$ cat entry.tsv   # TSV, C-alpha atoms
chain	number	residue	atom	x	y	z
A	55	MET	CA	5.09	-89.01	108.59
A	56	ALA	CA	4.24	-91.26	105.69
A	57	THR	CA	6.30	-91.84	102.57
A	58	ILE	CA	4.46	-91.56	99.30
A	59	THR	CA	5.61	-91.59	95.69
A	60	PRO	CA	4.83	-88.83	93.21
A	61	SER	CA	2.51	-91.16	91.35
A	62	SER	CA	0.16	-91.03	94.33
A	63	GLN	CA	0.41	-87.28	94.70
A	64	ALA	CA	-0.64	-84.54	92.28
A	65	PRO	CA	1.00	-82.55	91.01
A	66	GLN	CA	4.11	-84.66	90.54
A	67	ALA	CA	7.14	-83.38	92.40
A	68	PRO	CA	9.97	-82.39	90.06
A	69	GLN	CA	13.59	-82.75	90.99
A	70	ALA	CA	15.62	-79.74	92.02
A	71	GLY	CA	16.86	-77.91	88.96
A	72	GLN	CA	14.14	-79.44	86.81
A	73	ALA	CA	10.99	-78.14	88.49
A	74	GLY	CA	8.10	-78.04	86.10
A	75	GLN	CA	9.83	-80.11	83.42
A	76	ALA	CA	7.64	-82.71	81.77
A	77	HIS	CA	8.82	-86.29	81.43
A	78	ARG	CA	9.40	-87.53	77.95
A	79	ALA	CA	6.22	-88.67	76.31
A	80	PRO	CA	6.01	-92.20	74.95
A	81	GLY	CA	7.33	-92.27	71.41
A	82	ALA	CA	9.40	-89.12	71.84
A	83	GLY	CA	12.55	-88.80	69.80
A	84	ALA	CA	15.99	-89.61	71.07
A	85	PRO	CA	17.58	-86.98	73.32
A	86	GLY	CA	20.33	-86.41	70.77
A	87	GLY	CA	19.96	-84.90	67.36
A	88	ARG	CA	19.49	-81.44	65.96
A	89	TRP	CA	18.52	-78.72	68.47
A	90	SER	CA	18.49	-81.28	71.29
A	91	SER	CA	19.52	-78.51	73.69
A	92	VAL	CA	16.02	-76.99	73.52
A	93	ARG	CA	14.10	-80.25	73.83
A	94	HIS	CA	13.38	-79.77	77.53
A	95	LEU	CA	13.09	-75.96	77.44
A	96	GLY	CA	9.63	-75.40	78.90
A	97	PRO	CA	7.43	-72.30	79.12
A	98	ASN	CA	8.48	-71.94	82.77
A	99	TRP	CA	11.65	-70.23	81.51
A	100	TYR	CA	9.63	-67.12	80.67
A	101	ALA	CA	9.46	-66.50	84.42
A	102	SER	CA	13.09	-65.36	84.26
A	103	VAL	CA	12.10	-62.64	81.76
A	104	MET	CA	9.26	-61.51	84.01
A	105	GLY	CA	11.52	-61.41	87.05
A	106	THR	CA	14.18	-59.38	85.25
A	107	ALA	CA	11.75	-56.89	83.72
A	108	ILE	CA	10.03	-56.15	87.04
A	109	VAL	CA	13.36	-55.22	88.65
A	110	GLY	CA	13.63	-52.35	86.18
A	111	THR	CA	9.98	-51.30	86.24
A	112	ALA	CA	9.61	-51.38	90.01
A	113	GLY	CA	12.93	-49.67	90.65
A	114	ALA	CA	12.13	-46.77	88.34
A	115	SER	CA	9.07	-45.82	90.41
A	116	LEU	CA	10.60	-46.11	93.87
A	117	PRO	CA	9.66	-43.10	96.02
A	118	VAL	CA	13.32	-42.40	96.86
A	119	ASP	CA	16.02	-40.55	94.99
A	120	VAL	CA	19.00	-42.81	94.29
A	121	PRO	CA	21.58	-41.44	91.81
A	122	GLY	CA	21.97	-43.72	88.80
A	123	LEU	CA	19.06	-45.95	89.76
A	124	ARG	CA	17.02	-45.19	86.66
A	125	THR	CA	19.96	-46.04	84.40
A	126	VAL	CA	20.39	-49.37	86.17
A	127	CYS	CA	16.66	-50.02	85.85
A	128	THR	CA	16.79	-49.30	82.13
A	129	ALA	CA	19.67	-51.75	81.81
A	130	PHE	CA	17.55	-54.41	83.51
A	131	TRP	CA	14.77	-53.72	81.01
A	132	ALA	CA	17.21	-54.04	78.11
A	133	LEU	CA	18.42	-57.35	79.55
A	134	SER	CA	14.83	-58.59	79.84
A	135	LEU	CA	14.19	-57.64	76.20
A	136	ALA	CA	17.26	-59.60	75.11
A	137	MET	CA	16.18	-62.57	77.21
A	138	LEU	CA	12.68	-62.43	75.73
A	139	LEU	CA	13.96	-62.43	72.16
A	140	THR	CA	16.32	-65.31	72.94
A	141	LEU	CA	13.59	-67.39	74.58
A	142	LEU	CA	11.07	-66.71	71.82
A	143	THR	CA	13.61	-68.02	69.33
A	144	ALA	CA	14.52	-71.04	71.44
A	145	ARG	CA	10.88	-71.90	72.15
A	146	SER	CA	10.08	-71.62	68.43
A	147	LEU	CA	12.84	-74.15	67.74
A	148	HIS	CA	11.40	-76.31	70.52
A	149	TRP	CA	7.98	-76.38	68.86
A	150	LEU	CA	9.48	-76.86	65.40
A	151	HIS	CA	11.85	-79.72	66.21
A	152	HIS	CA	10.35	-81.29	69.34
A	153	ARG	CA	6.60	-81.16	68.87
A	154	ASP	CA	6.08	-84.37	70.82
A	155	GLN	CA	7.68	-82.79	73.87
A	156	ALA	CA	5.78	-79.56	73.35
A	157	ARG	CA	2.49	-81.48	73.29
A	158	ALA	CA	3.60	-83.41	76.36
A	159	HIS	CA	4.11	-80.11	78.17
A	160	LEU	CA	0.53	-79.09	77.40
A	161	LEU	CA	-0.75	-82.39	78.76
A	162	ASP	CA	1.42	-82.22	81.88
A	163	PRO	CA	-0.53	-80.59	84.76
A	164	THR	CA	2.73	-79.41	86.34
A	165	MET	CA	3.90	-77.66	83.17
A	166	ALA	CA	0.82	-76.47	81.27
A	167	PRO	CA	-0.03	-73.59	83.68
A	168	PHE	CA	3.35	-72.03	82.89
A	169	TYR	CA	2.03	-71.06	79.47
A	170	GLY	CA	0.61	-68.05	81.30
A	171	CYS	CA	4.22	-66.91	81.75
A	172	LEU	CA	4.58	-66.27	78.01
A	173	SER	CA	1.82	-63.68	78.18
A	174	MET	CA	3.24	-62.06	81.30
A	175	ALA	CA	6.77	-61.95	79.87
A	176	LEU	CA	5.51	-60.09	76.79
A	177	LEU	CA	3.50	-57.69	78.95
A	178	ALA	CA	6.30	-57.11	81.47
A	179	VAL	CA	8.78	-56.17	78.74
A	180	GLY	CA	6.17	-54.06	76.92
A	181	GLY	CA	5.27	-52.19	80.10
A	182	GLY	CA	8.95	-51.69	80.87
A	183	ALA	CA	9.45	-50.12	77.46
A	184	LEU	CA	6.90	-47.44	78.35
A	185	VAL	CA	8.30	-46.86	81.85
A	186	VAL	CA	12.08	-46.93	81.34
A	187	GLY	CA	12.87	-48.30	77.88
A	188	ARG	CA	11.86	-45.02	76.28
A	189	ASP	CA	14.99	-43.44	77.81
A	190	TRP	CA	17.14	-45.46	75.42
A	191	ILE	CA	14.93	-46.24	72.41
A	192	GLY	CA	12.82	-43.07	72.34
A	193	LEU	CA	9.16	-42.51	73.08
A	194	THR	CA	7.88	-43.38	69.59
A	195	ALA	CA	9.66	-46.74	69.52
A	196	ALA	CA	8.62	-47.44	73.12
A	197	ILE	CA	4.95	-46.83	72.30
A	198	ALA	CA	5.16	-49.04	69.21
A	199	LEU	CA	6.93	-51.85	71.08
A	200	GLY	CA	4.67	-51.52	74.12
A	201	SER	CA	1.54	-51.59	71.97
A	202	VAL	CA	2.57	-54.71	70.03
A	203	LEU	CA	3.59	-56.59	73.16
A	204	PHE	CA	0.45	-55.48	75.00
A	205	VAL	CA	-1.85	-56.77	72.26
A	206	ALA	CA	0.08	-60.03	71.84
A	207	GLY	CA	0.38	-60.58	75.58
A	208	THR	CA	-3.30	-59.86	76.20
A	209	VAL	CA	-4.51	-62.21	73.46
A	210	ILE	CA	-2.19	-65.00	74.62
A	211	GLY	CA	-3.14	-64.33	78.25
A	212	LEU	CA	-6.85	-64.62	77.56
A	213	ALA	CA	-6.25	-67.81	75.57
A	214	ALA	CA	-4.25	-69.26	78.48
A	215	ALA	CA	-6.82	-68.12	81.06
A	216	ALA	CA	-9.52	-70.04	79.19
A	217	GLY	CA	-7.54	-72.85	77.57
A	218	ILE	CA	-5.38	-74.09	80.44
A	219	PRO	CA	-8.31	-74.50	82.88
A	220	TYR	CA	-10.12	-76.37	80.09
A	221	LEU	CA	-7.18	-78.76	79.78
A	222	MET	CA	-7.11	-79.14	83.55
A	223	VAL	CA	-10.75	-80.22	83.51
A	224	ALA	CA	-10.87	-82.21	80.28
A	225	ARG	CA	-7.40	-83.73	79.83
A	226	HIS	CA	-5.31	-83.54	82.98
A	227	HIS	CA	-5.47	-85.97	85.88
A	228	ILE	CA	-5.19	-83.79	88.97
A	229	GLU	CA	-5.66	-84.70	92.60
A	230	GLY	CA	-4.48	-81.56	94.34
A	231	ALA	CA	-4.08	-77.83	93.70
A	232	THR	CA	-0.78	-75.93	93.66
A	233	PRO	CA	-0.02	-72.21	93.31
A	234	VAL	CA	1.04	-72.69	89.67
A	235	TRP	CA	-2.68	-72.91	88.89
A	236	LEU	CA	-2.74	-69.13	89.32
A	237	LEU	CA	-0.32	-68.46	86.45
A	238	PRO	CA	-2.83	-68.61	83.57
A	239	VAL	CA	-5.51	-66.59	85.35
A	240	VAL	CA	-3.22	-63.85	86.63
A	241	ALA	CA	-2.01	-62.98	83.12
A	242	PRO	CA	-5.06	-60.75	82.34
A	243	MET	CA	-4.31	-58.81	85.53
A	244	VAL	CA	-0.89	-57.94	84.14
A	245	SER	CA	-2.65	-56.64	81.02
A	246	ALA	CA	-4.94	-54.60	83.27
A	247	ALA	CA	-1.91	-52.97	84.92
A	248	VAL	CA	0.01	-52.31	81.69
A	249	GLY	CA	-2.88	-51.11	79.54
A	250	PRO	CA	-3.37	-47.76	81.34
A	251	LEU	CA	0.20	-46.81	80.36
A	252	LEU	CA	-0.99	-46.79	76.73
A	253	VAL	CA	-4.18	-44.79	77.31
A	254	PRO	CA	-2.53	-41.33	76.97
A	255	HIS	CA	-1.09	-42.42	73.62
A	256	VAL	CA	-4.37	-43.31	71.88
A	257	ALA	CA	-6.95	-40.92	70.47
A	258	ALA	CA	-8.85	-38.92	73.07
A	259	GLY	CA	-12.49	-39.71	73.68
A	260	GLN	CA	-14.01	-43.07	72.88
A	261	ALA	CA	-10.69	-44.81	72.22
A	262	GLN	CA	-9.18	-43.85	75.57
A	263	GLU	CA	-12.33	-44.65	77.52
A	264	THR	CA	-12.74	-47.99	75.76
A	265	LEU	CA	-9.16	-49.04	76.43
A	266	LEU	CA	-9.35	-48.09	80.10
A	267	LEU	CA	-12.64	-49.92	80.65
A	268	LEU	CA	-11.34	-52.96	78.78
A	269	CYS	CA	-8.43	-53.01	81.23
A	270	TYR	CA	-10.94	-52.81	84.08
A	271	ALA	CA	-12.76	-55.79	82.55
A	272	LEU	CA	-9.48	-57.72	82.43
A	273	PHE	CA	-9.04	-56.81	86.09
A	274	GLY	CA	-12.37	-58.48	86.82
A	275	VAL	CA	-11.57	-61.56	84.73
A	276	SER	CA	-8.38	-62.21	86.66
A	277	LEU	CA	-9.65	-61.21	90.10
A	278	LEU	CA	-12.71	-63.45	90.02
A	279	ALA	CA	-10.74	-66.38	88.61
A	280	THR	CA	-8.15	-65.92	91.36
A	281	LEU	CA	-10.89	-65.94	94.00
A	282	VAL	CA	-11.96	-69.32	92.62
A	283	MET	CA	-8.44	-70.78	92.57
A	284	LEU	CA	-6.91	-69.44	95.77
A	285	PRO	CA	-9.18	-71.29	98.24
A	286	LEU	CA	-8.31	-74.54	96.44
A	287	VAL	CA	-4.60	-73.84	96.88
A	288	PHE	CA	-4.87	-73.08	100.58
A	289	GLY	CA	-7.23	-76.01	101.10
A	290	ARG	CA	-4.66	-78.34	99.57
A	291	LEU	CA	-1.97	-77.04	101.95
A	292	VAL	CA	-4.17	-77.50	105.00
A	293	THR	CA	-5.39	-80.99	104.11
A	294	HIS	CA	-2.23	-82.44	102.54
A	295	GLY	CA	0.56	-80.49	104.21
A	296	PRO	CA	3.51	-78.59	102.68
A	297	LEU	CA	4.35	-78.84	99.01
A	298	PRO	CA	7.28	-80.95	97.77
A	299	LEU	CA	10.55	-79.15	98.39
A	300	ALA	CA	11.19	-78.06	94.78
A	301	LEU	CA	7.67	-76.62	94.50
A	302	THR	CA	7.74	-74.71	97.80
A	303	PRO	CA	8.93	-71.42	96.19
A	304	THR	CA	5.74	-71.41	94.08
A	305	LEU	CA	3.88	-70.32	97.20
A	306	PHE	CA	5.16	-66.83	96.36
A	307	LEU	CA	3.07	-66.93	93.18
A	308	VAL	CA	0.03	-66.06	95.31
A	309	LEU	CA	1.55	-62.61	95.76
A	310	GLY	CA	1.25	-62.03	92.01
A	311	PRO	CA	-2.50	-61.42	91.71
A	312	LEU	CA	-2.49	-59.54	95.02
A	313	GLY	CA	0.28	-57.10	94.15
A	314	GLN	CA	-0.67	-56.82	90.50
A	315	SER	CA	-4.32	-56.06	91.25
A	316	THR	CA	-3.25	-53.35	93.68
A	317	THR	CA	-0.96	-51.94	91.01
A	318	ALA	CA	-3.75	-52.03	88.42
A	319	ALA	CA	-6.18	-50.26	90.76
A	320	ASN	CA	-3.66	-47.47	91.27
A	321	LYS	CA	-3.01	-47.22	87.52
A	322	PHE	CA	-6.76	-46.82	86.94
A	323	ALA	CA	-6.82	-43.98	89.46
A	324	ASP	CA	-3.86	-42.29	87.72
A	325	THR	CA	-5.42	-42.56	84.27
A	326	ALA	CA	-9.16	-42.04	84.84
A	327	PRO	CA	-9.20	-38.21	85.31
A	328	GLY	CA	-9.90	-36.63	81.94
A	329	VAL	CA	-10.74	-40.01	80.40
A	330	LEU	CA	-13.85	-41.05	82.33
A	331	PRO	CA	-16.67	-38.72	83.39
A	332	GLU	CA	-17.45	-38.08	87.01
A	333	PRO	CA	-18.22	-39.71	89.36
A	334	TYR	CA	-16.30	-42.64	87.84
A	335	ALA	CA	-12.92	-40.90	87.73
A	336	HIS	CA	-13.19	-39.98	91.41
A	337	GLY	CA	-14.49	-43.46	92.15
A	338	PHE	CA	-11.33	-45.04	90.79
A	339	ALA	CA	-9.24	-42.83	93.07
A	340	ALA	CA	-11.21	-44.03	96.09
A	341	PHE	CA	-11.15	-47.63	94.85
A	342	ALA	CA	-7.35	-47.59	94.61
A	343	VAL	CA	-7.04	-47.03	98.35
A	344	LEU	CA	-10.11	-48.89	99.58
A	345	TYR	CA	-9.15	-51.97	97.58
A	346	GLY	CA	-5.37	-51.71	97.67
A	347	VAL	CA	-4.76	-51.29	101.40
A	348	PRO	CA	-6.55	-54.46	102.61
A	349	VAL	CA	-5.20	-56.52	99.70
A	350	MET	CA	-1.67	-55.35	100.42
A	351	GLY	CA	-2.22	-56.29	104.05
A	352	PHE	CA	-3.17	-59.82	103.01
A	353	ALA	CA	-0.17	-59.93	100.68
A	354	LEU	CA	2.14	-59.21	103.60
A	355	LEU	CA	0.44	-61.92	105.65
A	356	TRP	CA	0.96	-64.39	102.80
A	357	LEU	CA	4.56	-63.26	102.40
A	358	VAL	CA	5.28	-64.21	106.02
A	359	PHE	CA	3.39	-67.50	105.67
A	360	ALA	CA	5.12	-68.49	102.43
A	361	GLY	CA	8.50	-67.32	103.73
A	362	ALA	CA	8.19	-69.53	106.80
A	363	LEU	CA	7.45	-72.57	104.62
A	364	VAL	CA	10.42	-71.76	102.37
A	365	VAL	CA	12.70	-71.59	105.42
A	366	ARG	CA	11.27	-74.94	106.54
A	367	ALA	CA	11.91	-76.44	103.09
A	368	ARG	CA	15.44	-75.06	103.00
A	369	ARG	CA	16.23	-76.69	106.34
A	370	ARG	CA	15.00	-79.97	104.88
A	371	GLY	CA	17.34	-79.80	101.92
A	372	MET	CA	15.57	-77.71	99.28
A	373	GLY	CA	18.05	-76.97	96.49
A	374	PHE	CA	17.84	-74.64	93.52
A	375	ALA	CA	15.10	-75.16	90.96
A	376	MET	CA	13.67	-72.89	88.29
A	377	THR	CA	10.82	-72.30	90.73
A	378	PHE	CA	13.18	-69.87	92.48
A	379	TRP	CA	12.04	-67.29	89.91
A	380	ALA	CA	8.74	-67.26	91.80
A	381	PHE	CA	10.57	-65.11	94.35
A	382	THR	CA	10.96	-62.28	91.82
A	383	PHE	CA	7.98	-61.14	89.74
A	384	PRO	CA	5.30	-61.66	92.44
A	385	VAL	CA	7.36	-59.67	94.95
A	386	GLY	CA	7.92	-57.02	92.28
A	387	THR	CA	4.17	-56.59	91.83
A	388	CYS	CA	3.92	-55.91	95.56
A	389	VAL	CA	6.61	-53.26	95.17
A	390	THR	CA	4.64	-51.48	92.43
A	391	GLY	CA	1.45	-51.88	94.46
A	392	ALA	CA	3.08	-50.28	97.51
A	393	GLU	CA	4.47	-47.48	95.31
A	394	GLY	CA	0.97	-46.71	94.04
A	395	LEU	CA	-0.45	-46.66	97.55
A	396	ALA	CA	2.37	-44.36	98.69
A	397	GLN	CA	1.43	-41.96	95.89
A	398	HIS	CA	-2.30	-41.98	96.59
A	399	THR	CA	-2.17	-41.94	100.40
A	400	GLY	CA	0.96	-39.86	100.94
A	401	LEU	CA	1.96	-42.18	103.79
A	402	ALA	CA	5.62	-42.82	104.56
A	403	LEU	CA	4.61	-46.33	105.63
A	404	PHE	CA	4.01	-47.39	102.03
A	405	ARG	CA	7.12	-45.62	100.77
A	406	TRP	CA	9.33	-47.60	103.12
A	407	LEU	CA	7.36	-50.77	102.43
A	408	ALA	CA	8.12	-50.33	98.72
A	409	VAL	CA	11.81	-49.82	99.45
A	410	GLY	CA	12.00	-52.86	101.72
A	411	LEU	CA	10.19	-55.11	99.26
A	412	TYR	CA	12.41	-53.86	96.43
A	413	ALA	CA	15.51	-54.84	98.40
A	414	LEU	CA	13.99	-58.31	98.80
A	415	LEU	CA	13.26	-58.41	95.06
A	416	VAL	CA	16.83	-57.53	94.10
A	417	ALA	CA	18.25	-60.13	96.49
A	418	ALA	CA	15.92	-62.79	95.09
A	419	TRP	CA	16.85	-61.87	91.51
A	420	LEU	CA	20.57	-62.12	92.25
A	421	VAL	CA	20.14	-65.61	93.74
A	422	ALA	CA	17.88	-66.89	90.96
A	423	ALA	CA	19.97	-65.36	88.17
A	424	ALA	CA	23.28	-66.68	89.54
A	425	HIS	CA	21.98	-70.24	89.91
A	426	THR	CA	20.28	-70.13	86.50
A	427	ALA	CA	23.45	-68.94	84.77
A	428	ARG	CA	25.44	-71.67	86.50
A	429	GLY	CA	22.89	-74.30	85.48
A	430	LEU	CA	22.91	-73.09	81.88
A	431	PHE	CA	26.69	-73.16	81.57
A	432	SER	CA	26.85	-76.64	83.11
A	433	GLY	CA	23.94	-77.89	80.99
A	434	ALA	CA	22.08	-79.19	84.03
A	435	LEU	CA	18.99	-77.03	83.55
A	436	LEU	CA	18.51	-78.10	79.93
A	437	ALA	CA	19.13	-81.80	80.51
A	438	ALA	CA	16.37	-84.38	80.45
A	439	PRO	CA	14.72	-84.75	83.86
A	440	GLY	CA	15.67	-87.87	85.74
A	441	ALA	CA	13.43	-90.40	87.38
A	442	PRO	CA	11.23	-88.89	90.10
A	443	ARG	CA	12.25	-89.38	93.68
A	444	PRO	CA	9.96	-90.38	96.52
A	445	VAL	CA	8.80	-87.45	98.62
A	446	THR	CA	7.39	-87.23	102.09
A	447	ALA	CA	4.15	-85.58	103.07
A	448	ARG	CA	2.32	-84.98	106.30
A	449	THR	CA	-0.79	-87.08	106.73
A	450	ARG	CA	-3.74	-86.53	108.96
$ encode --input "entry.tsv" --output "structure tokens"
Amino acid sequence: MATITPSSQAPQAPQAGQAGQAHRAPGAGAPGGRWSSVRHLGPNWYASVMGTAIVGTAGASLPVDVPGLRTVCTAFWALSLAMLLTLLTARSLHWLHHRDQARAHLLDPTMAPFYGCLSMALLAVGGGALVVGRDWIGLTAAIALGSVLFVAGTVIGLAAAAGIPYLMVARHHIEGATPVWLLPVVAPMVSAAVGPLLVPHVAAGQAQETLLLLCYALFGVSLLATLVMLPLVFGRLVTHGPLPLALTPTLFLVLGPLGQSTTAANKFADTAPGVLPEPYAHGFAAFAVLYGVPVMGFALLWLVFAGALVVRARRRGMGFAMTFWAFTFPVGTCVTGAEGLAQHTGLALFRWLAVGLYALLVAAWLVAAAHTARGLFSGALLAAPGAPRPVTARTR
């Protein structure tokens, strides 16, 4: 074992409770003053919205009949909508009153990728409106809300998918990959999975076909970008050893593009009949299974791998950090992926897999939400990050 400092390791290891927070840029204002509470509120907080929304969306489609479950799922969606509105307001104040810190976040390689979470938070809440939110706000309002959030989330997601990698190449100093690199490029995949929910609500013919094929194009954008990024992430783990303790939960982010792409493939198969001519409609039905089954198999392999490293980190003293929200949304996408495969294969295996993964999702949400609420009430999660601590890493 060799001891190294974060300055010799990229990305820099954040302290527990402040994972992903950027250090104050030179010349930044004093920590006090007006709206100082939002000075260190980074885009990583949108992950809590994503994780809450997916609990409602995934639970509503479970292939089991649980009395009252849909009502609970709708309540989770309503909570995610409230959280989104609150964070949008707080982040607007952050940009308005703390622009130096906001710019520092964009130039921080540990924080900038989290801008993809803004897109996914908008899309997760918009998709939830169409799945369960319509029970409380009505179908017309759900379509309007879902459409606005889909367009905004898709535009922001594409900007992040192109802009954040540009910053990584042109402005950031990076020596090693981490799973947070996937956040900007997975955002278009969330659009690809949400978009088919809107297809039945647009004009039949060219409009429906165009929207569905645009979603398929977004699927390709995200999938190919993920195939570029993922080998870099695994290569970093093999050559440099486990991530710093506070970043270890981000290994679950790899599940995001895997589960979300499986979900999207199944949504294409659900939507294509009557929208696309044959043989394309039938082709999407075959693609859902031929693509989804092996990808879900790899997702389960990664789940075991990442889980083992999390257990290892916990035994070495890993405490709570905002990275704990990585245990929620990525697992939720695997739930919706398994639900789609259960529908298209008719196999009980995938039904029970969806139920088991959903139980894991709910447990993860309870842990992350409880610690986040405690950190908010104490002020610890919104405080300025302290000086970085030395971390240990395996050397070869």
$ residues_near_point --input "entry.tsv" --point "(-3.4, -66.5, 72.8)" --cutoff "12 Å" --atoms "all atoms listed in the file" --output "ChimeraX atom specification"
/A:169-174,176,204-218,238,241-242
$ closest_residue --input "entry.tsv" --among "A:Leu430, A:Ile108, A:Val234, A:Leu281" --to "Ala175 of chain A" --atoms "only C-alpha atoms"
A:Ile108
$ atom_distance --input "entry.tsv" --atom1 "atom CA of Gly105 of chain A" --atom2 "atom CA of Trp406 of chain A"
21.3 Å
$ closest_residue --input "entry.tsv" --among "A:Ala342, A:Leu299, A:Leu354, A:Val308" --to "Met372 of chain A" --atoms "all atoms listed in the file"
A:Leu299
$ residues_around --input "entry.tsv" --residues "segment 133-146 of chain A" --least-positions-apart "2" --cutoff "6 Å" --atoms "all atoms listed in the file" --output "ChimeraX atom specification"
/A:103,106-107,130-131,148-149
$ write_last_selection --input "entry.tsv" --atoms "C-alpha atoms" --output "PDB file, in the frame of the given file"
ATOM      1  CA  VAL A 103      12.100 -62.640  81.760  1.00  0.00           C
ATOM      2  CA  THR A 106      14.180 -59.380  85.250  1.00  0.00           C
ATOM      3  CA  ALA A 107      11.750 -56.890  83.720  1.00  0.00           C
ATOM      4  CA  PHE A 130      17.550 -54.410  83.510  1.00  0.00           C
ATOM      5  CA  TRP A 131      14.770 -53.720  81.010  1.00  0.00           C
ATOM      6  CA  HIS A 148      11.400 -76.310  70.520  1.00  0.00           C
ATOM      7  CA  TRP A 149       7.980 -76.380  68.860  1.00  0.00           C
TER       8      TRP A 149
END
$ closest_residue --input "entry.tsv" --among "A:Trp356, A:Tyr270, A:Phe322, A:Trp419" --to "Phe383 of chain A" --atoms "only C-alpha atoms"
A:Trp419
$ atom_distance --input "entry.tsv" --atom1 "atom CA of Leu415 of chain A" --atom2 "atom CA of Ser201 of chain A"
26.8 Å
$ decode --input "entry.tsv" --residues "segment 131-146 of chain A" --atoms "N, CA and C atoms" --output "CSV table (one decimal), in the first residue's frame"
chain,number,residue,atom,x,y,z
A,131,TRP,N,-43.8,10.4,-6.7
A,131,TRP,CA,-43.7,11.3,-7.9
A,131,TRP,C,-44.0,12.7,-7.4
A,132,ALA,N,-45.0,13.0,-6.6
A,132,ALA,CA,-45.3,14.3,-6.2
A,132,ALA,C,-44.2,14.9,-5.3
A,133,LEU,N,-43.6,14.1,-4.5
A,133,LEU,CA,-42.4,14.5,-3.7
A,133,LEU,C,-41.3,14.9,-4.7
A,134,SER,N,-41.0,14.1,-5.7
A,134,SER,CA,-39.9,14.4,-6.6
A,134,SER,C,-40.2,15.7,-7.4
A,135,LEU,N,-41.5,16.0,-7.7
A,135,LEU,CA,-41.8,17.2,-8.4
A,135,LEU,C,-41.5,18.4,-7.4
A,136,ALA,N,-41.9,18.3,-6.1
A,136,ALA,CA,-41.6,19.3,-5.2
A,136,ALA,C,-40.1,19.5,-5.0
A,137,MET,N,-39.4,18.4,-4.9
A,137,MET,CA,-37.9,18.5,-4.8
A,137,MET,C,-37.3,19.2,-6.0
A,138,LEU,N,-37.8,18.9,-7.2
A,138,LEU,CA,-37.3,19.5,-8.4
A,138,LEU,C,-37.5,21.0,-8.4
A,139,LEU,N,-38.7,21.4,-8.1
A,139,LEU,CA,-39.0,22.9,-8.1
A,139,LEU,C,-38.2,23.6,-7.1
A,140,THR,N,-38.0,23.0,-5.9
A,140,THR,CA,-37.1,23.6,-4.9
A,140,THR,C,-35.7,23.7,-5.3
A,141,LEU,N,-35.2,22.6,-5.9
A,141,LEU,CA,-33.8,22.7,-6.4
A,141,LEU,C,-33.6,23.6,-7.6
A,142,LEU,N,-34.5,23.7,-8.5
A,142,LEU,CA,-34.4,24.7,-9.6
A,142,LEU,C,-34.3,26.1,-9.0
A,143,THR,N,-35.1,26.4,-8.0
A,143,THR,CA,-35.1,27.7,-7.4
A,143,THR,C,-33.8,27.9,-6.7
A,144,ALA,N,-33.3,27.0,-5.9
A,144,ALA,CA,-32.1,27.1,-5.2
A,144,ALA,C,-30.9,27.2,-6.1
A,145,ARG,N,-30.9,26.4,-7.2
A,145,ARG,CA,-29.8,26.5,-8.1
A,145,ARG,C,-29.8,27.8,-8.9
A,146,SER,N,-31.0,28.4,-9.2
A,146,SER,CA,-31.0,29.7,-9.8
A,146,SER,C,-30.4,30.7,-8.9
